[in-house]
Amino acid sequence: TSVSPDRGPASAAITLTGTNFLTGATVSVGGVAATSVNVVSDTQITCNVPAAGLTRGAKNVVVTNLNTTTNTLTNGFTFGIPIGNIVTGVAGNQAFALADGVGTNARFKGPANMTRNAAGTNLYLADQGGAIRKTAIAGTTHTVSTLAGADALGVADGLGAAARFQRAWGVVVDPTETFLYVSDTDAHRICRVQIANGNVTTIAGGLQGHVNGTGTAARFNFPVGMALNPAGTELYIACRGDNTIRKLVLADGAVSTIAGADVASTAALPVTGSYLDGTGTAARFREPYGLVFDHTGTVLYIADRLNNRIRKMVLADGSVSTVCGTGVRSFLDGVGTAAMTSQPWSLAMDPFGVFLYIAAQDHALQRVVLAIGQVTRFVGGPQGNIDGTGLAAQTSEPQGMVVMPDGATGYFGDGTLRIRRVGD
């Protein structure tokens with residue numbers, strides 16, 4: 001009747017709960033034999049997911065007793081394979097400029113956060129040089145265009161190139177690919193961009209502060225990463241300036257604080273904030289940056305940058321807990337709070353809900369197996385600009401990572417002023 005956990009990678013340990021399990025029973029996942037099968041009782045079996053032979057996606061789990069009776073849980077386990085670790089540049093060429101073009105003929109001034117459409121054919125990027133960029137993907141061809149803004153900083157609503165951004169950082173796309181939502185960090189505002197024509201409208205904020213309210217009456221303090229709920233009705237915003245997580249209801253523009261608090265800084269702690277798990281506004285962060293939802297849209301993951309931790313918030317009860325990280329700024333593979341991450345600031349979710357990906361400001365990519373909290377650095381380490389494989393590849397402050405719908409490849413931007421692909 002159930003499998004726990006209900007998703008994971010190769011060799012994951014799982015527990016099956018059901019009825020009429022008999023000694024000597026075998027288990028298959030997606031038609032491939034599970035290993036280390038142990039019939040604990042007539043209602044419970046433990047085993048390991050096959051080490052090889054499965055593809056990504058939902059699989060049937062079948063228990064076969066020695067008398068040939070079977071117990072099948074349709075799509076009972078979702079199998080995940082991590083993205084590959086080969087890094088290649090696909091757009092931009094390190095030249096500091098804002099220019100449209102194909103592949104290395106395009107130019108960027110500061111790739112920040114990135115999002116993709118549901119089909120994985122369009123990437124949308126916040127360029128800190130003053131624009132929102134689009135990258136259309138057709139096979140190995142990546143065509144970059146400017147959707148809104150221009151090669152000039154400022155604060156102005158308007159159509160396409162007439163709009164201005166002070167420093168766009170966060171960007172998310174709605175489920176219908178009708179609108180983008182952009183956090184204009186240094187202007188302390190949230191903008192909506194109509195994709196069809198590039199029309200930019202400020203929908204909340206516009207002055208620095210921490211005020212809950214409606215629309216432009218609300219105040220933000222350096223909003224950065226954002227996440228849109230699956231229904232496309234609520235926007236969640238990390239504010240690094242006051243260490244809070246805010247919620248913006250798109251239907252009426254209502255802004256509220258759902259986690260963290262605007263705690264005054266001190267001489268000993270010049271960056272506002274601290275570290276504390278808790279519920280809602282009792283929790284504490286220290287420069288929360290990237291946000292991403294899990295596959296259910298009920299759990300929000302938070303890159304707590306200066307705490308060097310990944311946190312998660314269960315929206316149903318507001319509880320905030322720590323997924324991984326010790327607080328030490330370093331990289332260390334391990335499980336949960338024994339592992340280390342180094343100034344994480346962008347997150348991406350595997351479409352199958354098996355892996356969480358971290359883009360760390362200190363020049364590396366990490367993945368987390370969510371079912372067990374296993375953290376692994378799989379790309380980068382020393383700062384640099386070398387395409388390559390795994391830890392031999394070098395990046396410079398990677399951010400804005402997205403994972404494509406097939407779960408096999410991802411993209412990120414970095415300080416080399418390029419968009420880079422990571423995969424097999």
# chains A, B, ... in the order shown; residues from 1 in each chain; ligands from 1
>>> residues_around(residues="segment 357-374 of chain A", least_positions_apart="4", cutoff="7 Å", atoms="only C-alpha atoms", output="list in words")
Pro5, Gly8, Val323, Cys324, Gly334, Val335, Gly336, Ser342, Gln343, Pro344, Trp345, Ser346, Leu347, Ala348, Met349, Phe378, Val379, Gly380, Gly381, Pro382, Gln383, Thr395, Ser396, Glu397, Pro398, Gln399 and Met401 of chain A
>>> residues_around(residues="segment 225-234 of chain A", least_positions_apart="5", cutoff="8 Å", atoms="only C-alpha atoms", output="number ranges by chain")
A: 113, 169-175, 183, 239, 247-251, 289-293, 297, 346
>>> residues_around(residues="Ile310 of chain A", least_positions_apart="3", cutoff="7 Å", atoms="only C-alpha atoms", output="PyMOL selection string")
chain A and resi 302-304+322-325
>>> closest_residue(among="A:Thr72, A:Thr140, A:Thr376, A:Thr257", to="Gly213 of chain A", atoms="only C-alpha atoms")
A:Thr257
>>> atom_distance(atom1="atom CA of Thr389 of chain A", atom2="atom CA of Asn85 of chain A")
5.6 Å
>>> residues_around(residues="Val144 of chain A", least_positions_apart="3", cutoff="8 Å", atoms="only C-alpha atoms", output="PDB file with all heavy atoms, in the first residue's frame")
ATOM      1  N   ALA A  91      26.556  30.290 -24.153  1.00  0.00           N
ATOM      2  CA  ALA A  91      26.229  31.654 -24.575  1.00  0.00           C
ATOM      3  C   ALA A  91      27.102  32.634 -23.815  1.00  0.00           C
ATOM      4  O   ALA A  91      27.433  32.418 -22.648  1.00  0.00           O
ATOM      5  CB  ALA A  91      24.749  31.964 -24.340  1.00  0.00           C
ATOM      6  N   ASP A 100      22.604  41.103 -27.835  1.00  0.00           N
ATOM      7  CA  ASP A 100      21.898  39.903 -28.258  1.00  0.00           C
ATOM      8  C   ASP A 100      22.718  39.167 -29.310  1.00  0.00           C
ATOM      9  O   ASP A 100      23.588  39.741 -29.966  1.00  0.00           O
ATOM     10  CB  ASP A 100      20.530  40.278 -28.830  1.00  0.00           C
ATOM     11  CG  ASP A 100      19.610  40.903 -27.797  1.00  0.00           C
ATOM     12  OD1 ASP A 100      19.872  40.718 -26.598  1.00  0.00           O
ATOM     13  OD2 ASP A 100      18.641  41.571 -28.194  1.00  0.00           O
ATOM     14  N   GLY A 101      22.426  37.874 -29.470  1.00  0.00           N
ATOM     15  CA  GLY A 101      23.152  37.096 -30.458  1.00  0.00           C
ATOM     16  C   GLY A 101      23.000  35.613 -30.208  1.00  0.00           C
ATOM     17  O   GLY A 101      22.327  35.184 -29.271  1.00  0.00           O
ATOM     18  N   VAL A 102      23.649  34.841 -31.043  1.00  0.00           N
ATOM     19  CA  VAL A 102      23.604  33.382 -30.939  1.00  0.00           C
ATOM     20  C   VAL A 102      24.882  32.889 -30.280  1.00  0.00           C
ATOM     21  O   VAL A 102      25.998  33.243 -30.699  1.00  0.00           O
ATOM     22  CB  VAL A 102      23.444  32.740 -32.328  1.00  0.00           C
ATOM     23  CG1 VAL A 102      23.471  31.215 -32.226  1.00  0.00           C
ATOM     24  CG2 VAL A 102      22.149  33.206 -32.981  1.00  0.00           C
ATOM     25  N   GLY A 103      24.709  32.078 -29.230  1.00  0.00           N
ATOM     26  CA  GLY A 103      25.858  31.455 -28.574  1.00  0.00           C
ATOM     27  C   GLY A 103      26.881  32.449 -28.072  1.00  0.00           C
ATOM     28  O   GLY A 103      26.548  33.407 -27.360  1.00  0.00           O
ATOM     29  N   ALA A 106      26.585  36.417 -28.141  1.00  0.00           N
ATOM     30  CA  ALA A 106      25.820  37.177 -27.152  1.00  0.00           C
ATOM     31  C   ALA A 106      26.753  37.713 -26.078  1.00  0.00           C
ATOM     32  O   ALA A 106      27.860  37.199 -25.872  1.00  0.00           O
ATOM     33  CB  ALA A 106      24.748  36.294 -26.533  1.00  0.00           C
ATOM     34  N   ARG A 133      16.734  38.965 -20.000  1.00  0.00           N
ATOM     35  CA  ARG A 133      17.160  38.322 -21.246  1.00  0.00           C
ATOM     36  C   ARG A 133      16.422  36.984 -21.421  1.00  0.00           C
ATOM     37  O   ARG A 133      16.038  36.333 -20.458  1.00  0.00           O
ATOM     38  CB  ARG A 133      18.662  38.056 -21.228  1.00  0.00           C
ATOM     39  CG  ARG A 133      19.524  39.185 -20.648  1.00  0.00           C
ATOM     40  CD  ARG A 133      19.546  40.426 -21.540  1.00  0.00           C
ATOM     41  NE  ARG A 133      20.143  40.177 -22.833  1.00  0.00           N
ATOM     42  CZ  ARG A 133      21.471  40.161 -23.054  1.00  0.00           C
ATOM     43  NH1 ARG A 133      22.329  40.346 -22.048  1.00  0.00           N
ATOM     44  NH2 ARG A 133      21.956  39.972 -24.274  1.00  0.00           N
ATOM     45  N   LYS A 134      16.276  36.603 -22.662  1.00  0.00           N
ATOM     46  CA  LYS A 134      15.672  35.324 -23.013  1.00  0.00           C
ATOM     47  C   LYS A 134      16.658  34.524 -23.850  1.00  0.00           C
ATOM     48  O   LYS A 134      17.283  35.070 -24.771  1.00  0.00           O
ATOM     49  CB  LYS A 134      14.380  35.548 -23.804  1.00  0.00           C
ATOM     50  CG  LYS A 134      13.747  34.285 -24.377  1.00  0.00           C
ATOM     51  CD  LYS A 134      12.529  34.627 -25.226  1.00  0.00           C
ATOM     52  CE  LYS A 134      11.956  33.409 -25.930  1.00  0.00           C
ATOM     53  NZ  LYS A 134      10.785  33.761 -26.776  1.00  0.00           N
ATOM     54  N   THR A 135      16.795  33.242 -23.531  1.00  0.00           N
ATOM     55  CA  THR A 135      17.614  32.342 -24.344  1.00  0.00           C
ATOM     56  C   THR A 135      16.716  31.246 -24.893  1.00  0.00           C
ATOM     57  O   THR A 135      16.170  30.441 -24.133  1.00  0.00           O
ATOM     58  CB  THR A 135      18.756  31.727 -23.529  1.00  0.00           C
ATOM     59  OG1 THR A 135      19.582  32.767 -22.994  1.00  0.00           O
ATOM     60  CG2 THR A 135      19.599  30.814 -24.393  1.00  0.00           C
ATOM     61  N   ALA A 136      16.529  31.246 -26.203  1.00  0.00           N
ATOM     62  CA  ALA A 136      15.744  30.210 -26.864  1.00  0.00           C
ATOM     63  C   ALA A 136      16.658  29.043 -27.209  1.00  0.00           C
ATOM     64  O   ALA A 136      17.712  29.233 -27.812  1.00  0.00           O
ATOM     65  CB  ALA A 136      15.084  30.767 -28.114  1.00  0.00           C
TER      66      ALA A 136
END
>>> closest_residue(among="A:Gly84, A:Gly318, A:Ala217, A:Thr70", to="Gly423 of chain A", atoms="only C-alpha atoms")
A:Gly84
>>> atom_distance(atom1="atom CA of Ser4 of chain A", atom2="atom CA of Val63 of chain A")
14.7 Å
>>> closest_residue(among="A:Asn199, A:Phe77, A:Leu125, A:Asp184", to="Leu159 of chain A", atoms="only C-alpha atoms")
A:Asn199
>>> decode(residues="segment 96-111 of chain A", atoms="all heavy atoms", output="mmCIF file, in the first residue's frame")
data_model
loop_
_atom_site.group_PDB
_atom_site.id
_atom_site.type_symbol
_atom_site.label_atom_id
_atom_site.label_comp_id
_atom_site.auth_asym_id
_atom_site.auth_seq_id
_atom_site.Cartn_x
_atom_site.Cartn_y
_atom_site.Cartn_z
ATOM 1 N N PHE A 96 32.283 41.992 -21.215
ATOM 2 C CA PHE A 96 31.341 42.720 -20.362
ATOM 3 C C PHE A 96 30.541 43.692 -21.229
ATOM 4 O O PHE A 96 30.980 44.790 -21.562
ATOM 5 C CB PHE A 96 32.105 43.469 -19.270
ATOM 6 C CG PHE A 96 31.217 44.229 -18.309
ATOM 7 C CD1 PHE A 96 30.452 43.552 -17.388
ATOM 8 C CD2 PHE A 96 31.179 45.615 -18.335
ATOM 9 C CE1 PHE A 96 29.642 44.249 -16.485
ATOM 10 C CE2 PHE A 96 30.377 46.326 -17.444
ATOM 11 C CZ PHE A 96 29.608 45.633 -16.523
ATOM 12 N N ALA A 97 29.360 43.242 -21.633
ATOM 13 C CA ALA A 97 28.509 44.059 -22.495
ATOM 14 C C ALA A 97 27.111 43.464 -22.475
ATOM 15 O O ALA A 97 26.875 42.396 -21.909
ATOM 16 C CB ALA A 97 29.050 44.103 -23.927
ATOM 17 N N LEU A 98 26.189 44.180 -23.072
ATOM 18 C CA LEU A 98 24.829 43.679 -23.178
ATOM 19 C C LEU A 98 24.478 43.661 -24.663
ATOM 20 O O LEU A 98 24.236 44.711 -25.265
ATOM 21 C CB LEU A 98 23.863 44.568 -22.388
ATOM 22 C CG LEU A 98 22.511 43.948 -22.004
ATOM 23 C CD1 LEU A 98 21.939 44.632 -20.773
ATOM 24 C CD2 LEU A 98 21.525 44.002 -23.150
ATOM 25 N N ALA A 99 24.530 42.479 -25.252
ATOM 26 C CA ALA A 99 24.295 42.357 -26.686
ATOM 27 C C ALA A 99 23.585 41.045 -26.971
ATOM 28 O O ALA A 99 23.925 40.004 -26.407
ATOM 29 C CB ALA A 99 25.610 42.424 -27.461
ATOM 30 N N ASP A 100 22.604 41.103 -27.835
ATOM 31 C CA ASP A 100 21.898 39.903 -28.258
ATOM 32 C C ASP A 100 22.718 39.167 -29.310
ATOM 33 O O ASP A 100 23.588 39.741 -29.966
ATOM 34 C CB ASP A 100 20.530 40.278 -28.830
ATOM 35 C CG ASP A 100 19.610 40.903 -27.797
ATOM 36 O OD1 ASP A 100 19.872 40.718 -26.598
ATOM 37 O OD2 ASP A 100 18.641 41.571 -28.194
ATOM 38 N N GLY A 101 22.426 37.874 -29.470
ATOM 39 C CA GLY A 101 23.152 37.096 -30.458
ATOM 40 C C GLY A 101 23.000 35.613 -30.208
ATOM 41 O O GLY A 101 22.327 35.184 -29.271
ATOM 42 N N VAL A 102 23.649 34.841 -31.043
ATOM 43 C CA VAL A 102 23.604 33.382 -30.939
ATOM 44 C C VAL A 102 24.882 32.889 -30.280
ATOM 45 O O VAL A 102 25.998 33.243 -30.699
ATOM 46 C CB VAL A 102 23.444 32.740 -32.328
ATOM 47 C CG1 VAL A 102 23.471 31.215 -32.226
ATOM 48 C CG2 VAL A 102 22.149 33.206 -32.981
ATOM 49 N N GLY A 103 24.709 32.078 -29.230
ATOM 50 C CA GLY A 103 25.858 31.455 -28.574
ATOM 51 C C GLY A 103 26.881 32.449 -28.072
ATOM 52 O O GLY A 103 26.548 33.407 -27.360
ATOM 53 N N THR A 104 28.128 32.272 -28.468
ATOM 54 C CA THR A 104 29.211 33.120 -27.971
ATOM 55 C C THR A 104 29.194 34.524 -28.560
ATOM 56 O O THR A 104 29.983 35.378 -28.154
ATOM 57 C CB THR A 104 30.573 32.466 -28.265
ATOM 58 O OG1 THR A 104 30.678 32.209 -29.669
ATOM 59 C CG2 THR A 104 30.718 31.158 -27.494
ATOM 60 N N ASN A 105 28.289 34.805 -29.485
ATOM 61 C CA ASN A 105 28.149 36.166 -29.993
ATOM 62 C C ASN A 105 27.305 37.028 -29.069
ATOM 63 O O ASN A 105 27.311 38.257 -29.204
ATOM 64 C CB ASN A 105 27.506 36.152 -31.391
ATOM 65 C CG ASN A 105 28.435 35.574 -32.437
ATOM 66 O OD1 ASN A 105 29.628 35.848 -32.434
ATOM 67 N ND2 ASN A 105 27.896 34.752 -33.328
ATOM 68 N N ALA A 106 26.585 36.417 -28.141
ATOM 69 C CA ALA A 106 25.820 37.177 -27.152
ATOM 70 C C ALA A 106 26.753 37.713 -26.078
ATOM 71 O O ALA A 106 27.860 37.199 -25.872
ATOM 72 C CB ALA A 106 24.748 36.294 -26.533
ATOM 73 N N ARG A 107 26.289 38.752 -25.389
ATOM 74 C CA ARG A 107 27.074 39.351 -24.311
ATOM 75 C C ARG A 107 26.179 39.578 -23.086
ATOM 76 O O ARG A 107 25.003 39.938 -23.225
ATOM 77 C CB ARG A 107 27.668 40.699 -24.731
ATOM 78 C CG ARG A 107 28.519 40.643 -25.994
ATOM 79 C CD ARG A 107 29.864 39.982 -25.709
ATOM 80 N NE ARG A 107 30.730 40.062 -26.877
ATOM 81 C CZ ARG A 107 30.749 39.170 -27.866
ATOM 82 N NH1 ARG A 107 29.943 38.113 -27.804
ATOM 83 N NH2 ARG A 107 31.564 39.311 -28.892
ATOM 84 N N PHE A 108 26.783 39.408 -21.917
ATOM 85 C CA PHE A 108 26.078 39.654 -20.660
ATOM 86 C C PHE A 108 26.914 40.585 -19.784
ATOM 87 O O PHE A 108 28.138 40.628 -19.899
ATOM 88 C CB PHE A 108 25.834 38.339 -19.908
ATOM 89 C CG PHE A 108 25.023 37.333 -20.681
ATOM 90 C CD1 PHE A 108 25.649 36.335 -21.429
ATOM 91 C CD2 PHE A 108 23.652 37.375 -20.663
ATOM 92 C CE1 PHE A 108 24.914 35.409 -22.145
ATOM 93 C CE2 PHE A 108 22.895 36.443 -21.374
ATOM 94 C CZ PHE A 108 23.538 35.466 -22.117
ATOM 95 N N LYS A 109 26.214 41.282 -18.875
ATOM 96 C CA LYS A 109 26.914 42.138 -17.926
ATOM 97 C C LYS A 109 26.927 41.568 -16.510
ATOM 98 O O LYS A 109 27.742 41.977 -15.698
ATOM 99 C CB LYS A 109 26.282 43.528 -17.911
ATOM 100 C CG LYS A 109 26.786 44.429 -19.025
ATOM 101 C CD LYS A 109 26.471 45.882 -18.734
ATOM 102 C CE LYS A 109 27.288 46.807 -19.609
ATOM 103 N NZ LYS A 109 27.006 48.236 -19.304
ATOM 104 N N GLY A 110 26.045 40.638 -16.244
ATOM 105 C CA GLY A 110 26.006 40.071 -14.898
ATOM 106 C C GLY A 110 24.891 39.074 -14.759
ATOM 107 O O GLY A 110 23.838 39.398 -14.176
ATOM 108 N N PRO A 111 25.054 37.852 -15.283
ATOM 109 C CA PRO A 111 23.991 36.853 -15.158
ATOM 110 C C PRO A 111 23.655 36.601 -13.692
ATOM 111 O O PRO A 111 24.542 36.336 -12.878
ATOM 112 C CB PRO A 111 24.597 35.607 -15.800
ATOM 113 C CG PRO A 111 25.692 36.112 -16.680
ATOM 114 C CD PRO A 111 26.231 37.323 -15.986
#
